[in-house]
Amino acid sequence: MPAHMHSFNQNSGRRLVASFQPAYRLFLLISLVTGRFCLSAPFLPVDSVKPGMKGFGLSVFTGTRIDTFQVEVLDVMKKISPRGDLILCRLSGAGLENSGVIAGMSGSPVYINDKLLGAVAYAWSWAKEPIAGVTPIQEMLDIWQAQSGSRPRSRAPRSNLPHLPIPIAISGLNPELEQLLTPTLAALGMKPVAGASNSGTTDTTGFVPGGVIGVALIDGDVRAAAVGTITYREGNRILAFGHPFFQGGDVQLPMTGGVIHSILPSFATSFKLFSPGPPIGTVTQDRAPGIAGTIGTVPPMLPVRVVVNSPKTRDTYNFRIAIHEQLTPEFMPIALAEAVLQTEGTLEEVTLNSRLLLRFTDGTTAQIRHTFAGINPVVALLENTRNELQFLFANDIKPVALETVEAIINITPGRTSAELIAAVPERTWVHPGETLAIYLEIRDYRGTETEQIVRIPIPATTPPGIINVTLTSAAEFLHQQIQRLPRLANPTSLTQLLKLLEDSGREDELIVAGFLTQPALALGEREMPNPPPSILQIFSSSKKGGRTQPVPNSLLFKIPVKLNRVIQGSVSFDLEVK
């Protein structure tokens, strides 16, 4: 082992203590003996930093062993943001000359003259030298002011400089899933990497500056966790990363330790391969200069159960998702996609039926159902689920309080998709209360045409006259309804919002809808056909109709017909009611 590398554990504490500078040596010795972590060595203020100063940093490059690397100050970039400075340093040792600054080193503490300078946090892709941007420790200490309720001095983003990507270790990550996730996670400053199952224990004696810290995003049969480095520990409080996780402010996210398996070199940005340990505390702050957390109480996570049925097997996955309005919609679809790919592997030409059952703490439930057909429909599953959950969690009506989520996913061979070509009624007239047969002509994606009969009951209250019957897919019907009644796209209650989500899928349903062709009034959730002309004129000329709006026609009936295939196309015809 190179002379600059030293192991950090209780069995080799003597060797570690002998290797470091005197003040930090004293801190580590007291920490190892008493288990109390409070850095007594002073901090180095930015105003005292000069180019050419040399020191060392701490980080884990393999296992849980904390190693040293060398640091030389290049310069200080003052006011890189309205309230922040950035210290430029050249790193060396621990193989950094070859790997460059490593994603996962975020938070690695840097010491100059036995004083804590700050945390490695920023770097540049494709750089020829391991040049890092170090966040001053004083800016990170200000995070604790936010934690105590006072106003932190560093709220604004530090700068437009790129912070080190945050590796997100995902169990079962294959190239296909990595390709799907990379663009979305990159927008959050994260990078998907392969991770293993839960590693390590809840022992926190190694949870010290330079040690591994993780943020659990998915925990259980499917796992995903961010990895970084601890900068400073005071009692059970820690500071880490040196840059934001996702700038979440006040958060309640599970905090873990973990194991670094290896460093994967890359010409762009090298990164640590990481497996998280079990949660041991809570990340409570996610601010511009870094994250803060507390060892001890672990925050709740959202329980999710996924059942995947395929021609090969039936698998059940139980896991938990971090609860946050921005992270939950991002990582629940990732877990669903991973469960499918772990069960079925690479999907070819199949049909995927998904049912997502949401249970809320107030007893409300909602069921979102989709059918996707084609090559690799897991892409559509991931994207649709993400969009729908983002719509739900970003609502301005009330906070979302989910209790559990259950998903049932059925995979069958073949692409069961088709287009509606024609719809012909058995006759052009009907009496109220009668049932009308409609002959459908359907063409599958290979061009084969088939016929199918659907029978539609005509409401007994239908007035005499002409009605328009429209047959279309559920998605297209919802689109047409929103065009007819734009307020549907802006629900004013959680019930309306959930109804909109429930109506947004159902790709295997054909909607048969009948419309009275006379002008009508929409009264909230109801429609008034044939309103008195004077009333219709008042609302038609009013610019502030509120929830009462004039519409060119009124919905008489809506009947879903399940076709067991993804349907596209629209057909309509007029029908005389006698």
# chains A, B, ... in the order shown; residues from 1 in each chain; ligands from 1

call {"tool": "select_by_dssp", "arguments": {"residues": "stretch 289-360 of chain A", "states": "alpha helix (DSSP H)", "output": "PyMOL selection string"}}
result
chain A and resi 327-344

call {"tool": "closest_residue", "arguments": {"among": "A:Leu44, A:Leu264, A:Leu555, A:Ile334", "to": "A:Thr182", "atoms": "only C-alpha atoms"}}
result
A:Ile334

call {"tool": "select_by_dssp", "arguments": {"residues": "stretch 280-374 of chain A", "states": "strand (DSSP E or B)", "output": "PDB file with N, CA, C and O atoms, in the first residue's frame"}}
result
ATOM      1  N   ILE A 280     -29.390   5.056   8.919  1.00  0.00           N
ATOM      2  CA  ILE A 280     -28.909   5.272  10.290  1.00  0.00           C
ATOM      3  C   ILE A 280     -29.237   6.674  10.787  1.00  0.00           C
ATOM      4  O   ILE A 280     -28.804   7.047  11.880  1.00  0.00           O
ATOM      5  N   GLY A 281     -29.966   7.450  10.005  1.00  0.00           N
ATOM      6  CA  GLY A 281     -30.284   8.804  10.421  1.00  0.00           C
ATOM      7  C   GLY A 281     -31.101   9.518   9.369  1.00  0.00           C
ATOM      8  O   GLY A 281     -31.683   8.889   8.479  1.00  0.00           O
ATOM      9  N   THR A 282     -31.112  10.847   9.465  1.00  0.00           N
ATOM     10  CA  THR A 282     -31.961  11.660   8.594  1.00  0.00           C
ATOM     11  C   THR A 282     -31.170  12.817   8.014  1.00  0.00           C
ATOM     12  O   THR A 282     -30.492  13.547   8.749  1.00  0.00           O
ATOM     13  N   VAL A 283     -31.241  12.992   6.698  1.00  0.00           N
ATOM     14  CA  VAL A 283     -30.766  14.223   6.056  1.00  0.00           C
ATOM     15  C   VAL A 283     -31.884  15.244   6.210  1.00  0.00           C
ATOM     16  O   VAL A 283     -33.018  15.021   5.769  1.00  0.00           O
ATOM     17  N   THR A 284     -31.574  16.362   6.866  1.00  0.00           N
ATOM     18  CA  THR A 284     -32.606  17.345   7.216  1.00  0.00           C
ATOM     19  C   THR A 284     -32.529  18.623   6.400  1.00  0.00           C
ATOM     20  O   THR A 284     -33.503  19.362   6.326  1.00  0.00           O
ATOM     21  N   GLN A 285     -31.359  18.906   5.801  1.00  0.00           N
ATOM     22  CA  GLN A 285     -31.191  20.129   5.027  1.00  0.00           C
ATOM     23  C   GLN A 285     -30.471  19.829   3.730  1.00  0.00           C
ATOM     24  O   GLN A 285     -29.506  19.045   3.704  1.00  0.00           O
ATOM     25  N   ASP A 286     -30.933  20.432   2.654  1.00  0.00           N
ATOM     26  CA  ASP A 286     -30.293  20.321   1.337  1.00  0.00           C
ATOM     27  C   ASP A 286     -30.163  21.731   0.790  1.00  0.00           C
ATOM     28  O   ASP A 286     -31.098  22.263   0.196  1.00  0.00           O
ATOM     29  N   ARG A 287     -29.005  22.335   1.030  1.00  0.00           N
ATOM     30  CA  ARG A 287     -28.790  23.746   0.706  1.00  0.00           C
ATOM     31  C   ARG A 287     -27.660  23.891  -0.306  1.00  0.00           C
ATOM     32  O   ARG A 287     -26.947  22.937  -0.620  1.00  0.00           O
ATOM     33  N   GLY A 290     -24.227  22.512   0.716  1.00  0.00           N
ATOM     34  CA  GLY A 290     -24.115  21.113   1.079  1.00  0.00           C
ATOM     35  C   GLY A 290     -25.369  20.599   1.748  1.00  0.00           C
ATOM     36  O   GLY A 290     -26.426  21.240   1.724  1.00  0.00           O
ATOM     37  N   ILE A 291     -25.241  19.419   2.339  1.00  0.00           N
ATOM     38  CA  ILE A 291     -26.360  18.823   3.058  1.00  0.00           C
ATOM     39  C   ILE A 291     -25.986  18.677   4.528  1.00  0.00           C
ATOM     40  O   ILE A 291     -24.811  18.618   4.882  1.00  0.00           O
ATOM     41  N   ALA A 292     -27.003  18.625   5.385  1.00  0.00           N
ATOM     42  CA  ALA A 292     -26.812  18.408   6.812  1.00  0.00           C
ATOM     43  C   ALA A 292     -27.742  17.293   7.254  1.00  0.00           C
ATOM     44  O   ALA A 292     -28.828  17.104   6.689  1.00  0.00           O
ATOM     45  N   GLY A 293     -27.305  16.542   8.256  1.00  0.00           N
ATOM     46  CA  GLY A 293     -28.132  15.458   8.754  1.00  0.00           C
ATOM     47  C   GLY A 293     -27.835  15.146  10.195  1.00  0.00           C
ATOM     48  O   GLY A 293     -26.897  15.699  10.793  1.00  0.00           O
ATOM     49  N   THR A 294     -28.627  14.249  10.745  1.00  0.00           N
ATOM     50  CA  THR A 294     -28.494  13.851  12.141  1.00  0.00           C
ATOM     51  C   THR A 294     -28.525  12.337  12.233  1.00  0.00           C
ATOM     52  O   THR A 294     -29.407  11.690  11.656  1.00  0.00           O
ATOM     53  N   ILE A 295     -27.554  11.765  12.947  1.00  0.00           N
ATOM     54  CA  ILE A 295     -27.528  10.327  13.184  1.00  0.00           C
ATOM     55  C   ILE A 295     -28.553   9.990  14.256  1.00  0.00           C
ATOM     56  O   ILE A 295     -28.659  10.682  15.269  1.00  0.00           O
ATOM     57  N   LEU A 302     -42.187   5.630   1.846  1.00  0.00           N
ATOM     58  CA  LEU A 302     -43.468   5.192   1.282  1.00  0.00           C
ATOM     59  C   LEU A 302     -43.395   3.715   0.886  1.00  0.00           C
ATOM     60  O   LEU A 302     -42.620   3.344   0.004  1.00  0.00           O
ATOM     61  N   PRO A 303     -44.210   2.842   1.517  1.00  0.00           N
ATOM     62  CA  PRO A 303     -44.186   1.414   1.150  1.00  0.00           C
ATOM     63  C   PRO A 303     -44.803   1.185  -0.237  1.00  0.00           C
ATOM     64  O   PRO A 303     -45.865   1.716  -0.555  1.00  0.00           O
ATOM     65  N   VAL A 304     -44.110   0.382  -1.033  1.00  0.00           N
ATOM     66  CA  VAL A 304     -44.577   0.047  -2.387  1.00  0.00           C
ATOM     67  C   VAL A 304     -44.464  -1.465  -2.574  1.00  0.00           C
ATOM     68  O   VAL A 304     -43.452  -2.070  -2.204  1.00  0.00           O
ATOM     69  N   ARG A 305     -45.510  -2.050  -3.130  1.00  0.00           N
ATOM     70  CA  ARG A 305     -45.502  -3.481  -3.470  1.00  0.00           C
ATOM     71  C   ARG A 305     -45.774  -3.618  -4.965  1.00  0.00           C
ATOM     72  O   ARG A 305     -46.740  -3.049  -5.477  1.00  0.00           O
ATOM     73  N   VAL A 306     -44.922  -4.368  -5.639  1.00  0.00           N
ATOM     74  CA  VAL A 306     -45.062  -4.556  -7.088  1.00  0.00           C
ATOM     75  C   VAL A 306     -45.124  -6.045  -7.388  1.00  0.00           C
ATOM     76  O   VAL A 306     -44.259  -6.814  -6.959  1.00  0.00           O
ATOM     77  N   VAL A 307     -46.148  -6.438  -8.118  1.00  0.00           N
ATOM     78  CA  VAL A 307     -46.286  -7.819  -8.581  1.00  0.00           C
ATOM     79  C   VAL A 307     -46.133  -7.809 -10.095  1.00  0.00           C
ATOM     80  O   VAL A 307     -46.865  -7.092 -10.800  1.00  0.00           O
ATOM     81  N   VAL A 308     -45.186  -8.597 -10.608  1.00  0.00           N
ATOM     82  CA  VAL A 308     -44.938  -8.671 -12.045  1.00  0.00           C
ATOM     83  C   VAL A 308     -45.252 -10.094 -12.505  1.00  0.00           C
ATOM     84  O   VAL A 308     -44.628 -11.064 -12.041  1.00  0.00           O
ATOM     85  N   ASN A 309     -46.222 -10.221 -13.409  1.00  0.00           N
ATOM     86  CA  ASN A 309     -46.586 -11.507 -13.998  1.00  0.00           C
ATOM     87  C   ASN A 309     -46.114 -11.531 -15.440  1.00  0.00           C
ATOM     88  O   ASN A 309     -46.457 -10.631 -16.225  1.00  0.00           O
ATOM     89  N   ARG A 314     -43.614 -15.277 -11.918  1.00  0.00           N
ATOM     90  CA  ARG A 314     -44.367 -14.282 -11.156  1.00  0.00           C
ATOM     91  C   ARG A 314     -43.473 -13.840 -10.007  1.00  0.00           C
ATOM     92  O   ARG A 314     -43.074 -14.663  -9.174  1.00  0.00           O
ATOM     93  N   ASP A 315     -43.152 -12.555  -9.961  1.00  0.00           N
ATOM     94  CA  ASP A 315     -42.267 -12.031  -8.933  1.00  0.00           C
ATOM     95  C   ASP A 315     -42.975 -10.926  -8.152  1.00  0.00           C
ATOM     96  O   ASP A 315     -43.770 -10.158  -8.720  1.00  0.00           O
ATOM     97  N   THR A 316     -42.665 -10.848  -6.870  1.00  0.00           N
ATOM     98  CA  THR A 316     -43.191  -9.787  -6.016  1.00  0.00           C
ATOM     99  C   THR A 316     -42.028  -9.015  -5.414  1.00  0.00           C
ATOM    100  O   THR A 316     -41.067  -9.618  -4.912  1.00  0.00           O
ATOM    101  N   TYR A 317     -42.111  -7.709  -5.469  1.00  0.00           N
ATOM    102  CA  TYR A 317     -41.071  -6.826  -4.936  1.00  0.00           C
ATOM    103  C   TYR A 317     -41.694  -5.915  -3.883  1.00  0.00           C
ATOM    104  O   TYR A 317     -42.752  -5.322  -4.104  1.00  0.00           O
ATOM    105  N   ASN A 318     -41.018  -5.816  -2.758  1.00  0.00           N
ATOM    106  CA  ASN A 318     -41.432  -4.895  -1.707  1.00  0.00           C
ATOM    107  C   ASN A 318     -40.282  -3.937  -1.421  1.00  0.00           C
ATOM    108  O   ASN A 318     -39.148  -4.373  -1.168  1.00  0.00           O
ATOM    109  N   PHE A 319     -40.564  -2.662  -1.471  1.00  0.00           N
ATOM    110  CA  PHE A 319     -39.531  -1.666  -1.214  1.00  0.00           C
ATOM    111  C   PHE A 319     -40.186  -0.394  -0.713  1.00  0.00           C
ATOM    112  O   PHE A 319     -41.426  -0.299  -0.609  1.00  0.00           O
ATOM    113  N   ARG A 320     -39.374   0.578  -0.378  1.00  0.00           N
ATOM    114  CA  ARG A 320     -39.853   1.859   0.133  1.00  0.00           C
ATOM    115  C   ARG A 320     -39.188   2.978  -0.662  1.00  0.00           C
ATOM    116  O   ARG A 320     -38.025   2.864  -1.062  1.00  0.00           O
ATOM    117  N   ILE A 321     -39.929   4.054  -0.864  1.00  0.00           N
ATOM    118  CA  ILE A 321     -39.455   5.200  -1.640  1.00  0.00           C
ATOM    119  C   ILE A 321     -39.319   6.396  -0.713  1.00  0.00           C
ATOM    120  O   ILE A 321     -40.156   6.633   0.163  1.00  0.00           O
ATOM    121  N   GLU A 349     -41.127  -7.680 -28.326  1.00  0.00           N
ATOM    122  CA  GLU A 349     -42.453  -7.285 -28.788  1.00  0.00           C
ATOM    123  C   GLU A 349     -43.503  -7.889 -27.852  1.00  0.00           C
ATOM    124  O   GLU A 349     -43.887  -9.050 -27.987  1.00  0.00           O
ATOM    125  N   VAL A 350     -43.948  -7.082 -26.883  1.00  0.00           N
ATOM    126  CA  VAL A 350     -44.873  -7.571 -25.862  1.00  0.00           C
ATOM    127  C   VAL A 350     -45.947  -6.522 -25.599  1.00  0.00           C
ATOM    128  O   VAL A 350     -45.860  -5.382 -26.060  1.00  0.00           O
ATOM    129  N   THR A 351     -46.945  -6.931 -24.845  1.00  0.00           N
ATOM    130  CA  THR A 351     -47.969  -6.014 -24.331  1.00  0.00           C
ATOM    131  C   THR A 351     -47.839  -5.967 -22.817  1.00  0.00           C
ATOM    132  O   THR A 351     -47.762  -7.013 -22.163  1.00  0.00           O
ATOM    133  N   LEU A 352     -47.812  -4.776 -22.272  1.00  0.00           N
ATOM    134  CA  LEU A 352     -47.637  -4.582 -20.834  1.00  0.00           C
ATOM    135  C   LEU A 352     -48.864  -3.881 -20.280  1.00  0.00           C
ATOM    136  O   LEU A 352     -49.197  -2.770 -20.707  1.00  0.00           O
ATOM    137  N   ASN A 353     -49.544  -4.535 -19.347  1.00  0.00           N
ATOM    138  CA  ASN A 353     -50.693  -3.948 -18.651  1.00  0.00           C
ATOM    139  C   ASN A 353     -50.252  -3.578 -17.237  1.00  0.00           C
ATOM    140  O   ASN A 353     -49.736  -4.431 -16.506  1.00  0.00           O
ATOM    141  N   SER A 354     -50.453  -2.338 -16.859  1.00  0.00           N
ATOM    142  CA  SER A 354     -50.065  -1.904 -15.513  1.00  0.00           C
ATOM    143  C   SER A 354     -51.269  -1.297 -14.796  1.00  0.00           C
ATOM    144  O   SER A 354     -52.093  -0.614 -15.412  1.00  0.00           O
ATOM    145  N   ARG A 355     -51.334  -1.593 -13.488  1.00  0.00           N
ATOM    146  CA  ARG A 355     -52.368  -0.995 -12.650  1.00  0.00           C
ATOM    147  C   ARG A 355     -51.687  -0.471 -11.395  1.00  0.00           C
ATOM    148  O   ARG A 355     -51.061  -1.234 -10.659  1.00  0.00           O
ATOM    149  N   LEU A 356     -51.790   0.813 -11.183  1.00  0.00           N
ATOM    150  CA  LEU A 356     -51.163   1.465 -10.041  1.00  0.00           C
ATOM    151  C   LEU A 356     -52.263   1.905  -9.088  1.00  0.00           C
ATOM    152  O   LEU A 356     -53.096   2.747  -9.432  1.00  0.00           O
ATOM    153  N   LEU A 357     -52.277   1.305  -7.893  1.00  0.00           N
ATOM    154  CA  LEU A 357     -53.298   1.621  -6.895  1.00  0.00           C
ATOM    155  C   LEU A 357     -52.668   2.506  -5.820  1.00  0.00           C
ATOM    156  O   LEU A 357     -51.758   2.082  -5.115  1.00  0.00           O
ATOM    157  N   LEU A 358     -53.174   3.740  -5.709  1.00  0.00           N
ATOM    158  CA  LEU A 358     -52.672   4.706  -4.734  1.00  0.00           C
ATOM    159  C   LEU A 358     -53.633   4.767  -3.559  1.00  0.00           C
ATOM    160  O   LEU A 358     -54.840   4.977  -3.751  1.00  0.00           O
ATOM    161  N   ARG A 359     -53.111   4.588  -2.361  1.00  0.00           N
ATOM    162  CA  ARG A 359     -53.921   4.722  -1.148  1.00  0.00           C
ATOM    163  C   ARG A 359     -53.392   5.899  -0.342  1.00  0.00           C
ATOM    164  O   ARG A 359     -52.193   5.978  -0.059  1.00  0.00           O
ATOM    165  N   PHE A 360     -54.307   6.806   0.016  1.00  0.00           N
ATOM    166  CA  PHE A 360     -53.945   8.011   0.740  1.00  0.00           C
ATOM    167  C   PHE A 360     -54.284   7.857   2.221  1.00  0.00           C
ATOM    168  O   PHE A 360     -55.126   7.025   2.601  1.00  0.00           O
ATOM    169  N   THR A 365     -58.661   6.505  -2.416  1.00  0.00           N
ATOM    170  CA  THR A 365     -57.884   5.635  -3.300  1.00  0.00           C
ATOM    171  C   THR A 365     -58.026   6.114  -4.736  1.00  0.00           C
ATOM    172  O   THR A 365     -59.002   6.786  -5.096  1.00  0.00           O
ATOM    173  N   ALA A 366     -57.064   5.768  -5.547  1.00  0.00           N
ATOM    174  CA  ALA A 366     -57.128   6.061  -6.980  1.00  0.00           C
ATOM    175  C   ALA A 366     -56.420   4.939  -7.718  1.00  0.00           C
ATOM    176  O   ALA A 366     -55.426   4.383  -7.231  1.00  0.00           O
ATOM    177  N   GLN A 367     -56.932   4.590  -8.887  1.00  0.00           N
ATOM    178  CA  GLN A 367     -56.340   3.526  -9.691  1.00  0.00           C
ATOM    179  C   GLN A 367     -56.013   4.061 -11.080  1.00  0.00           C
ATOM    180  O   GLN A 367     -56.893   4.542 -11.796  1.00  0.00           O
ATOM    181  N   ILE A 368     -54.757   3.991 -11.434  1.00  0.00           N
ATOM    182  CA  ILE A 368     -54.296   4.458 -12.748  1.00  0.00           C
ATOM    183  C   ILE A 368     -53.914   3.222 -13.558  1.00  0.00           C
ATOM    184  O   ILE A 368     -53.054   2.441 -13.139  1.00  0.00           O
ATOM    185  N   ARG A 369     -54.553   3.050 -14.706  1.00  0.00           N
ATOM    186  CA  ARG A 369     -54.357   1.837 -15.497  1.00  0.00           C
ATOM    187  C   ARG A 369     -53.864   2.181 -16.896  1.00  0.00           C
ATOM    188  O   ARG A 369     -54.360   3.113 -17.531  1.00  0.00           O
ATOM    189  N   HIS A 370     -52.854   1.442 -17.343  1.00  0.00           N
ATOM    190  CA  HIS A 370     -52.299   1.658 -18.679  1.00  0.00           C
ATOM    191  C   HIS A 370     -52.095   0.324 -19.381  1.00  0.00           C
ATOM    192  O   HIS A 370     -51.867  -0.707 -18.744  1.00  0.00           O
ATOM    193  N   THR A 371     -52.152   0.375 -20.707  1.00  0.00           N
ATOM    194  CA  THR A 371     -51.755  -0.745 -21.548  1.00  0.00           C
ATOM    195  C   THR A 371     -50.808  -0.210 -22.618  1.00  0.00           C
ATOM    196  O   THR A 371     -51.159   0.716 -23.355  1.00  0.00           O
ATOM    197  N   PHE A 372     -49.615  -0.795 -22.670  1.00  0.00           N
ATOM    198  CA  PHE A 372     -48.611  -0.376 -23.651  1.00  0.00           C
ATOM    199  C   PHE A 372     -48.239  -1.584 -24.500  1.00  0.00           C
ATOM    200  O   PHE A 372     -47.997  -2.671 -23.968  1.00  0.00           O
ATOM    201  N   ALA A 373     -48.200  -1.405 -25.802  1.00  0.00           N
ATOM    202  CA  ALA A 373     -47.882  -2.510 -26.712  1.00  0.00           C
ATOM    203  C   ALA A 373     -46.791  -2.073 -27.676  1.00  0.00           C
ATOM    204  O   ALA A 373     -46.799  -0.949 -28.172  1.00  0.00           O
ATOM    205  N   GLY A 374     -45.846  -2.963 -27.909  1.00  0.00           N
ATOM    206  CA  GLY A 374     -44.786  -2.650 -28.848  1.00  0.00           C
ATOM    207  C   GLY A 374     -43.457  -3.172 -28.358  1.00  0.00           C
ATOM    208  O   GLY A 374     -43.367  -4.020 -27.462  1.00  0.00           O
TER     209      GLY A 374
END

call {"tool": "closest_residue", "arguments": {"among": "A:Leu116, A:Leu88, A:Ile442, A:Met301", "to": "A:Gly57", "atoms": "only C-alpha atoms"}}
result
A:Leu116

call {"tool": "closest_residue", "arguments": {"among": "A:Leu389, A:Ala121, A:Ala240, A:Leu341", "to": "A:Leu402", "atoms": "only C-alpha atoms"}}
result
A:Leu389

call {"tool": "residues_around", "arguments": {"residues": "stretch 460-472 of chain A", "least_positions_apart": "4", "cutoff": "8 Å", "atoms": "only C-alpha atoms", "output": "ChimeraX atom specification"}}
result
/A:420,423,432-434,476-477,510-517,556,568-578

call {"tool": "closest_residue", "arguments": {"among": "A:Ser81, A:Asn98, A:Thr184, A:Thr328", "to": "A:Gln390", "atoms": "only C-alpha atoms"}}
result
A:Thr328

call {"tool": "closest_residue", "arguments": {"among": "A:Phe393, A:Phe56, A:Phe267, A:Phe207", "to": "A:Lys128", "atoms": "only C-alpha atoms"}}
result
A:Phe267

call {"tool": "residues_around", "arguments": {"residues": "A:Asn395", "least_positions_apart": "6", "cutoff": "12 Å", "atoms": "only C-alpha atoms", "output": "list in words"}}
result
Glu325, Gln326, Glu388, Leu389, Ala489, Asn490, Pro491, Thr492, Ser493, Leu494, Thr495, Gln496, Leu497 and Leu498 of chain A

call {"tool": "write_last_selection", "arguments": {"atoms": "all heavy atoms", "output": "short mmCIF file (atom, residue, chain, number, x, y, z; two decimals), in the first residue's frame"}}
result
data_model
loop_
_atom_site.label_atom_id
_atom_site.label_comp_id
_atom_site.auth_asym_id
_atom_site.auth_seq_id
_atom_site.Cartn_x
_atom_site.Cartn_y
_atom_site.Cartn_z
N GLU A 325 -41.82 15.63 -2.66
CA GLU A 325 -42.64 15.95 -3.83
C GLU A 325 -41.86 15.96 -5.13
O GLU A 325 -42.44 15.81 -6.21
CB GLU A 325 -43.33 17.30 -3.64
CG GLU A 325 -42.40 18.48 -3.54
CD GLU A 325 -43.14 19.78 -3.36
OE1 GLU A 325 -44.33 19.75 -2.98
OE2 GLU A 325 -42.52 20.83 -3.57
N GLN A 326 -40.53 16.11 -5.05
CA GLN A 326 -39.72 16.09 -6.27
C GLN A 326 -39.08 14.73 -6.50
O GLN A 326 -38.99 14.26 -7.64
CB GLN A 326 -38.63 17.16 -6.21
CG GLN A 326 -37.86 17.33 -7.51
CD GLN A 326 -36.92 18.53 -7.47
OE1 GLN A 326 -36.98 19.35 -6.56
NE2 GLN A 326 -36.04 18.62 -8.45
N GLU A 388 -47.35 11.43 -14.54
CA GLU A 388 -48.57 11.43 -13.73
C GLU A 388 -48.28 11.73 -12.26
O GLU A 388 -49.01 12.49 -11.61
CB GLU A 388 -49.28 10.07 -13.88
CG GLU A 388 -49.91 9.91 -15.26
CD GLU A 388 -50.21 8.47 -15.62
OE1 GLU A 388 -49.76 7.57 -14.88
OE2 GLU A 388 -50.88 8.25 -16.65
N LEU A 389 -47.19 11.16 -11.73
CA LEU A 389 -46.85 11.44 -10.34
C LEU A 389 -46.37 12.87 -10.15
O LEU A 389 -46.64 13.50 -9.12
CB LEU A 389 -45.79 10.45 -9.85
CG LEU A 389 -46.26 9.00 -9.70
CD1 LEU A 389 -45.11 8.11 -9.26
CD2 LEU A 389 -47.42 8.89 -8.73
N ALA A 489 -58.83 20.45 -17.30
CA ALA A 489 -57.37 20.37 -17.16
C ALA A 489 -56.87 21.12 -15.94
O ALA A 489 -55.67 21.08 -15.65
CB ALA A 489 -56.69 20.91 -18.43
N ASN A 490 -57.76 21.82 -15.23
CA ASN A 490 -57.38 22.59 -14.05
C ASN A 490 -58.30 22.21 -12.88
O ASN A 490 -59.18 22.98 -12.50
CB ASN A 490 -57.46 24.09 -14.33
CG ASN A 490 -56.51 24.52 -15.41
OD1 ASN A 490 -55.31 24.52 -15.22
ND2 ASN A 490 -57.05 24.87 -16.57
N PRO A 491 -58.10 21.02 -12.33
CA PRO A 491 -58.99 20.57 -11.26
C PRO A 491 -58.86 21.47 -10.03
O PRO A 491 -57.80 22.00 -9.73
CB PRO A 491 -58.48 19.15 -10.95
CG PRO A 491 -57.09 19.11 -11.48
CD PRO A 491 -57.07 20.02 -12.66
N THR A 492 -59.97 21.62 -9.32
CA THR A 492 -60.00 22.48 -8.13
C THR A 492 -60.09 21.66 -6.84
O THR A 492 -60.17 22.23 -5.76
CB THR A 492 -61.19 23.45 -8.20
OG1 THR A 492 -62.41 22.69 -8.34
CG2 THR A 492 -61.04 24.38 -9.40
N SER A 493 -60.10 20.35 -6.95
CA SER A 493 -60.11 19.49 -5.77
C SER A 493 -59.25 18.28 -6.07
O SER A 493 -59.01 17.92 -7.23
CB SER A 493 -61.52 19.06 -5.40
OG SER A 493 -62.03 18.15 -6.37
N LEU A 494 -58.78 17.63 -4.99
CA LEU A 494 -57.97 16.43 -5.18
C LEU A 494 -58.80 15.32 -5.82
O LEU A 494 -58.28 14.53 -6.61
CB LEU A 494 -57.39 15.96 -3.84
CG LEU A 494 -56.35 14.84 -3.92
CD1 LEU A 494 -55.16 15.26 -4.76
CD2 LEU A 494 -55.90 14.42 -2.53
N THR A 495 -60.09 15.28 -5.53
CA THR A 495 -60.97 14.28 -6.15
C THR A 495 -61.00 14.45 -7.66
O THR A 495 -60.90 13.47 -8.41
CB THR A 495 -62.39 14.41 -5.57
OG1 THR A 495 -62.34 14.19 -4.16
CG2 THR A 495 -63.33 13.39 -6.22
N GLN A 496 -61.15 15.70 -8.13
CA GLN A 496 -61.15 15.96 -9.57
C GLN A 496 -59.80 15.61 -10.19
O GLN A 496 -59.73 15.05 -11.29
CB GLN A 496 -61.48 17.43 -9.84
CG GLN A 496 -62.89 17.83 -9.47
CD GLN A 496 -63.13 19.31 -9.69
OE1 GLN A 496 -62.31 20.01 -10.28
NE2 GLN A 496 -64.25 19.81 -9.19
N LEU A 497 -58.72 15.93 -9.47
CA LEU A 497 -57.39 15.64 -10.00
C LEU A 497 -57.20 14.14 -10.16
O LEU A 497 -56.68 13.67 -11.19
CB LEU A 497 -56.34 16.23 -9.05
CG LEU A 497 -54.88 16.20 -9.52
CD1 LEU A 497 -54.12 17.39 -8.94
CD2 LEU A 497 -54.19 14.91 -9.10
N LEU A 498 -57.60 13.37 -9.15
CA LEU A 498 -57.45 11.91 -9.23
C LEU A 498 -58.34 11.32 -10.32
O LEU A 498 -57.94 10.38 -11.01
CB LEU A 498 -57.78 11.29 -7.88
CG LEU A 498 -56.82 11.64 -6.73
CD1 LEU A 498 -57.30 11.03 -5.42
CD2 LEU A 498 -55.41 11.18 -7.04
#

call {"tool": "residues_around", "arguments": {"residues": "A:Pro175", "least_positions_apart": "4", "cutoff": "12 Å", "atoms": "only C-alpha atoms", "output": "list in words"}}
result
Ile170, Gln179, Leu180, Leu181, Thr182, Pro192, Val193, Ala194, Glu338, Leu341, Gly345 and Thr346 of chain A

call {"tool": "atom_distance", "arguments": {"atom1": "atom CA of A:Pro109", "atom2": "atom CA of A:Ser59"}}
result
7.7 Å

call {"tool": "atom_distance", "arguments": {"atom1": "atom CA of A:Ile137", "atom2": "atom CA of A:Glu234"}}
result
13.3 Å

call {"tool": "residues_around", "arguments": {"residues": "A:Pro311", "least_positions_apart": "3", "cutoff": "9 Å", "atoms": "only C-alpha atoms", "output": "list in words"}}
result
Arg314, Glu344, Ile411, Thr412 and Pro413 of chain A
